[in-house]
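Have a look at input.txt; it's compact mmCIF, C-alpha atoms:
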# COMPACT_ATOMS: atom_id res chain seq x y z
CA MET A 30 -52.72 -18.65 39.24
CA VAL A 31 -49.11 -18.88 37.81
CA PHE A 32 -46.37 -19.97 40.22
CA SER A 33 -42.71 -19.04 39.86
CA ARG A 34 -39.79 -21.11 41.04
CA TYR A 35 -40.37 -19.97 44.61
CA LEU A 36 -43.08 -22.04 46.27
CA GLY A 37 -46.09 -20.19 47.47
CA SER A 38 -45.51 -16.96 45.56
CA ASN A 39 -46.91 -15.93 42.28
CA LEU A 40 -45.31 -13.69 39.63
CA ASN A 41 -47.21 -10.65 40.79
CA ASP A 42 -45.89 -10.85 44.36
CA HIS A 43 -42.15 -11.44 43.62
CA SER A 44 -40.09 -10.02 40.77
CA SER A 45 -38.34 -12.55 38.58
CA GLY A 46 -34.67 -12.30 37.50
CA PHE A 47 -31.16 -13.19 38.58
CA THR A 48 -29.81 -12.71 42.07
CA LEU A 49 -26.62 -10.81 42.72
CA ILE A 50 -24.79 -14.00 43.68
CA GLU A 51 -25.72 -15.67 40.38
CA LEU A 52 -24.39 -12.68 38.43
CA ILE A 53 -21.13 -12.58 40.40
CA ILE A 54 -20.52 -16.30 39.85
CA THR A 55 -21.20 -15.95 36.11
CA VAL A 56 -18.82 -12.99 35.76
CA ALA A 57 -16.12 -14.85 37.74
CA ILE A 58 -16.39 -17.91 35.47
CA ILE A 59 -16.13 -15.71 32.35
CA ALA A 60 -13.08 -13.91 33.82
CA ILE A 61 -11.30 -17.21 34.55
CA ILE A 62 -11.93 -18.52 31.03
CA ALA A 63 -10.75 -15.24 29.49
CA SER A 64 -7.50 -15.20 31.51
CA ILE A 65 -6.68 -18.77 30.51
CA THR A 66 -7.34 -17.98 26.85
CA LEU A 67 -5.22 -14.82 26.90
CA SER A 68 -2.24 -16.53 28.55
CA GLN A 69 -2.29 -19.23 25.86
CA GLY A 70 -2.55 -16.55 23.17
CA ALA A 71 0.60 -14.82 24.44
CA LYS A 72 2.59 -18.04 23.92
CA TRP A 73 1.29 -18.33 20.37
CA ILE A 74 2.20 -14.72 19.58
CA ASP A 75 5.83 -15.28 20.65
CA SER A 76 6.20 -18.38 18.48
CA ILE A 77 4.50 -16.65 15.53
CA ARG A 78 6.95 -13.74 15.81
CA LEU A 79 9.87 -16.18 15.84
CA GLU A 80 8.60 -17.92 12.71
CA GLN A 81 8.00 -14.54 11.07
CA GLY A 82 11.55 -13.42 11.89
CA ALA A 83 13.01 -16.60 10.39
CA ARG A 84 10.88 -16.28 7.24
CA GLU A 85 11.88 -12.62 6.82
CA LEU A 86 15.58 -13.43 7.24
CA VAL A 87 15.40 -16.30 4.72
CA ALA A 88 13.51 -14.08 2.26
CA THR A 89 16.08 -11.30 2.66
CA LEU A 90 19.02 -13.65 2.11
CA ARG A 91 17.41 -15.21 -0.96
CA LEU A 92 16.54 -11.79 -2.37
CA LEU A 93 20.13 -10.64 -1.89
CA GLN A 94 21.41 -13.82 -3.56
CA ASN A 95 19.20 -13.13 -6.58
CA ARG A 96 20.22 -9.46 -6.70
CA ALA A 97 23.90 -10.44 -6.48
CA ILE A 98 23.49 -12.71 -9.51
CA VAL A 99 21.42 -10.29 -11.59
CA GLU A 100 23.37 -7.12 -10.75
CA GLU A 101 26.75 -8.94 -10.65
CA LYS A 102 27.63 -7.31 -7.34
CA SER A 103 28.46 -8.55 -3.88
CA PHE A 104 26.43 -7.92 -0.77
CA TYR A 105 27.71 -7.64 2.78
CA ILE A 106 25.37 -8.69 5.61
CA ARG A 107 26.23 -8.08 9.25
CA PHE A 108 24.02 -8.96 12.20
CA VAL A 109 23.96 -6.10 14.69
CA LEU A 110 22.21 -5.07 17.89
CA VAL A 111 20.76 -1.55 17.63
CA ASP A 112 18.78 -0.07 20.54
CA ASN A 113 18.23 -3.53 22.09
CA GLN A 114 16.80 -4.92 18.84
CA TRP A 115 18.63 -7.33 16.55
CA GLY A 116 18.67 -6.89 12.80
CA CYS A 117 20.71 -7.04 9.58
CA LEU A 118 22.92 -4.31 8.23
CA ILE A 119 23.17 -4.67 4.44
CA LYS A 120 25.75 -2.99 2.19
CA GLN A 121 26.27 -3.33 -1.54
CA THR A 122 29.58 -3.25 -3.40
CA ASP A 123 30.35 -1.63 -6.73
CA SER A 124 32.05 -3.31 -9.68
CA ASN A 125 35.49 -2.76 -8.06
CA GLY A 126 34.44 -4.49 -4.87
CA LEU A 127 34.26 -1.28 -2.81
CA PHE A 128 31.26 -0.46 -0.66
CA GLU A 129 28.75 1.85 -2.27
CA PRO A 130 27.52 4.74 -0.13
CA GLY A 131 24.49 4.01 2.00
CA GLN A 132 23.36 0.96 3.84
CA THR A 133 20.10 -0.68 4.81
CA TYR A 134 19.11 -1.82 8.27
CA GLN A 135 16.39 -4.45 8.52
CA PRO A 136 15.29 -5.15 12.12
CA PHE A 137 13.98 -8.48 13.33
CA PRO A 138 10.44 -8.56 14.78
CA PRO A 139 10.17 -7.38 18.41
CA GLY A 140 11.37 -9.94 20.94
CA ILE A 141 13.51 -11.89 18.44
CA LYS A 142 17.25 -12.08 18.98
CA LEU A 143 20.26 -13.61 17.32
CA GLU A 144 21.20 -16.32 19.78
CA TYR A 145 24.03 -17.97 17.85
CA PHE A 146 26.10 -17.34 14.73
CA SER A 147 28.63 -20.02 13.82
CA THR A 148 31.51 -17.64 13.08
CA TYR A 149 32.88 -14.39 14.40
CA PRO A 150 32.40 -11.66 13.32
CA GLN A 151 28.70 -12.13 12.67
CA GLU A 152 28.85 -11.28 8.99
CA LEU A 153 28.41 -12.85 5.59
CA TYR A 154 29.27 -11.91 2.01
CA LEU A 155 27.19 -12.96 -0.96
CA TYR A 156 29.27 -13.00 -4.14
CA PRO A 157 28.03 -12.21 -7.67
CA THR A 158 27.52 -15.94 -8.21
CA GLY A 159 25.01 -15.97 -5.33
CA ALA A 160 27.28 -18.16 -3.22
CA PRO A 161 28.11 -17.05 0.33
CA SER A 162 31.63 -16.32 1.53
CA ARG A 163 31.31 -19.24 3.95
CA GLY A 164 28.71 -21.50 5.38
CA ALA A 165 26.91 -20.36 8.47
CA THR A 166 24.54 -21.55 11.13
CA ILE A 167 22.21 -18.88 12.50
CA ARG A 168 19.96 -19.50 15.50
CA LEU A 169 17.14 -17.08 16.25
CA ALA A 170 15.36 -17.15 19.62
CA ASN A 171 12.35 -15.50 21.20
CA ILE A 172 11.70 -14.37 24.78
CA LYS A 173 10.31 -17.78 25.78
CA GLY A 174 13.51 -19.57 24.69
CA GLN A 175 12.08 -21.18 21.55
CA THR A 176 14.60 -21.32 18.69
CA ILE A 177 14.74 -21.72 14.92
CA THR A 178 18.02 -22.62 13.21
CA LEU A 179 18.98 -21.53 9.68
CA THR A 180 21.86 -23.23 7.90
CA ILE A 181 23.54 -21.69 4.85
CA VAL A 182 25.37 -24.27 2.75
CA PRO A 183 28.74 -22.83 1.67
CA ALA A 184 29.02 -24.21 -1.86
CA THR A 185 25.52 -23.51 -3.14
CA GLY A 186 24.18 -20.89 -0.76
CA ARG A 187 21.10 -22.98 -0.13
CA ILE A 188 19.28 -21.96 3.06
CA GLN A 189 17.80 -24.69 5.22
CA VAL A 190 15.37 -23.98 8.08
CA LYS A 191 15.14 -26.33 11.07
Transcribe the structure of this file into structure tokens.
Amino acid sequence: MVFSRYLGSNLNDHSSGFTLIELIITVAIIAIIASITLSQGAKWIDSIRLEQGARELVATLRLLQNRAIVEEKSFYIRFVLVDNQWGCLIKQTDSNGLFEPGQTYQPFPPGIKLEYFSTYPQELYLYPTGAPSRGATIRLANIKGQTITLTIVPATGRIQVK
């Protein structure tokens, strides 16, 4: 005769399996672990978006510096808030220094804002030499209050990320 975990009963008399309480406890433990994991993941997503916004802004500024040198034109960059989302408004000048028709708006990733710009108005020119009109310090922030600071050196136009 084969005995199960219950004393005095064999497999034919009592069905084997999990009780309802065992299943509820297992599901509760899985739910607790999942909620902890998801809350940590949300923090990572916010910091990843901030880093992405900083990388995109640096890439845009460097691209505009290269275009200014190659095309021998100036670029105007203004940081604006459109529909509760920060971004860059970019205009190009012609050979006479006048704005060409059309402009480009490049938004920051969702949840990223311009927290600080060292000068007012929040704008920057890139001359045909690739050098900026002035040095600037730009601080981007996310919803959680984390920040990344970009510094543009006035003489060379070098962009440093901190």
Item to check | Counting only C-alpha atoms, the residue of A:Leu179, A:Ile106, A:Ile59, A:Ile65 that sits nearest Ile119 in chain A | outcome: A:Ile106
Item to check | Computed interatomic separation between CA of Gln151 in chain A and CA of Leu127 in chain A (Å) | outcome: 19.7 Å
Checklist entry - What is the CA of Arg84 in chain A to CA of Val190 in chain A distance in Å? => result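 Calculated distance between CA of Arg84 in chain A and CA of Val190 in chain A is 9.0 Å.
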Checklist entry - Between A:Gly70, A:Pro136, A:Gly126, A:Gly131, which one has atoms that come closest to Gly82 in chain A, using only C-alpha atoms? => result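 The answer is A:Pro136, which sits nearest to Gly82 in chain A.
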Checklist entry - Do you know which residues are at most 6 Å from range 144-146 of chain A counting all atoms listed in the file, after dropping those on the same chain fewer than 2 positions away, and could you put them as a count of residues only? => result 7
Next on the checklist: Would you compute the distance between CA of Thr178 in chain A and CA of Glu100 in chain A? Give it in Å to one decimal.
Outcome noted: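 Distance between the two atoms: 29.0 Å.
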Within 8 Å of (28.0, -11.2, 8.2) in the file's own coordinates, which protein, DNA or RNA residues have an atom, counting all atoms listed in the file? List them as a short mmCIF file (atom, residue, chain, number, x, y, z; two decimals) with C-alpha atoms, keeping the file's coordinate frame.
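Output below, filename result.cif:
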data_model
loop_
_atom_site.label_atom_id
_atom_site.label_comp_id
_atom_site.auth_asym_id
_atom_site.auth_seq_id
_atom_site.Cartn_x
_atom_site.Cartn_y
_atom_site.Cartn_z
CA TYR A 105 27.71 -7.64 2.78
CA ILE A 106 25.37 -8.69 5.61
CA ARG A 107 26.23 -8.08 9.25
CA PHE A 108 24.02 -8.96 12.20
CA PRO A 150 32.40 -11.66 13.32
CA GLN A 151 28.70 -12.13 12.67
CA GLU A 152 28.85 -11.28 8.99
CA LEU A 153 28.41 -12.85 5.59
CA TYR A 154 29.27 -11.91 2.01
#
Just add N, CA and C atoms to range 97-117 of chain A and send it as a short mmCIF file (atom, residue, chain, number, x, y, z; two decimals), in the frame of the given file.
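Final file, part14.cif:
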data_model
loop_
_atom_site.label_atom_id
_atom_site.label_comp_id
_atom_site.auth_asym_id
_atom_site.auth_seq_id
_atom_site.Cartn_x
_atom_site.Cartn_y
_atom_site.Cartn_z
N ALA A 97 22.46 -10.30 -6.23
CA ALA A 97 23.90 -10.44 -6.48
C ALA A 97 24.14 -11.06 -7.85
N ILE A 98 23.33 -12.05 -8.21
CA ILE A 98 23.49 -12.71 -9.51
C ILE A 98 23.09 -11.78 -10.64
N VAL A 99 21.94 -11.14 -10.51
CA VAL A 99 21.42 -10.29 -11.59
C VAL A 99 22.26 -9.03 -11.78
N GLU A 100 22.62 -8.38 -10.67
CA GLU A 100 23.37 -7.12 -10.75
C GLU A 100 24.88 -7.34 -10.82
N GLU A 101 25.33 -8.58 -10.66
CA GLU A 101 26.75 -8.94 -10.65
C GLU A 101 27.54 -8.10 -9.65
N LYS A 102 27.00 -8.04 -8.43
CA LYS A 102 27.63 -7.31 -7.34
C LYS A 102 27.59 -8.17 -6.09
N SER A 103 28.44 -7.84 -5.15
CA SER A 103 28.46 -8.55 -3.88
C SER A 103 27.64 -7.79 -2.85
N PHE A 104 27.15 -8.53 -1.87
CA PHE A 104 26.43 -7.92 -0.77
C PHE A 104 27.07 -8.35 0.54
N TYR A 105 27.13 -7.41 1.46
CA TYR A 105 27.71 -7.64 2.78
C TYR A 105 26.56 -7.58 3.79
N ILE A 106 26.42 -8.62 4.60
CA ILE A 106 25.37 -8.69 5.61
C ILE A 106 26.03 -8.87 6.96
N ARG A 107 25.70 -7.99 7.89
CA ARG A 107 26.23 -8.08 9.25
C ARG A 107 25.06 -8.03 10.22
N PHE A 108 25.07 -8.92 11.19
CA PHE A 108 24.02 -8.96 12.20
C PHE A 108 24.44 -8.08 13.37
N VAL A 109 23.61 -7.09 13.68
CA VAL A 109 23.96 -6.10 14.69
C VAL A 109 22.81 -5.91 15.68
N LEU A 110 23.18 -5.40 16.85
CA LEU A 110 22.21 -5.07 17.89
C LEU A 110 22.13 -3.55 17.97
N VAL A 111 20.96 -3.00 17.62
CA VAL A 111 20.76 -1.55 17.63
C VAL A 111 19.58 -1.24 18.55
N ASP A 112 19.83 -0.44 19.58
CA ASP A 112 18.78 -0.07 20.54
C ASP A 112 18.04 -1.29 21.09
N ASN A 113 18.78 -2.29 21.51
CA ASN A 113 18.23 -3.53 22.09
C ASN A 113 17.34 -4.30 21.13
N GLN A 114 17.54 -4.14 19.83
CA GLN A 114 16.80 -4.92 18.84
C GLN A 114 17.78 -5.41 17.78
N TRP A 115 17.75 -6.73 17.54
CA TRP A 115 18.63 -7.33 16.55
C TRP A 115 18.11 -7.08 15.14
N GLY A 116 19.04 -7.05 14.20
CA GLY A 116 18.67 -6.89 12.80
C GLY A 116 19.87 -7.11 11.89
N CYS A 117 19.67 -6.87 10.59
CA CYS A 117 20.71 -7.04 9.58
C CYS A 117 21.10 -5.69 9.01
#
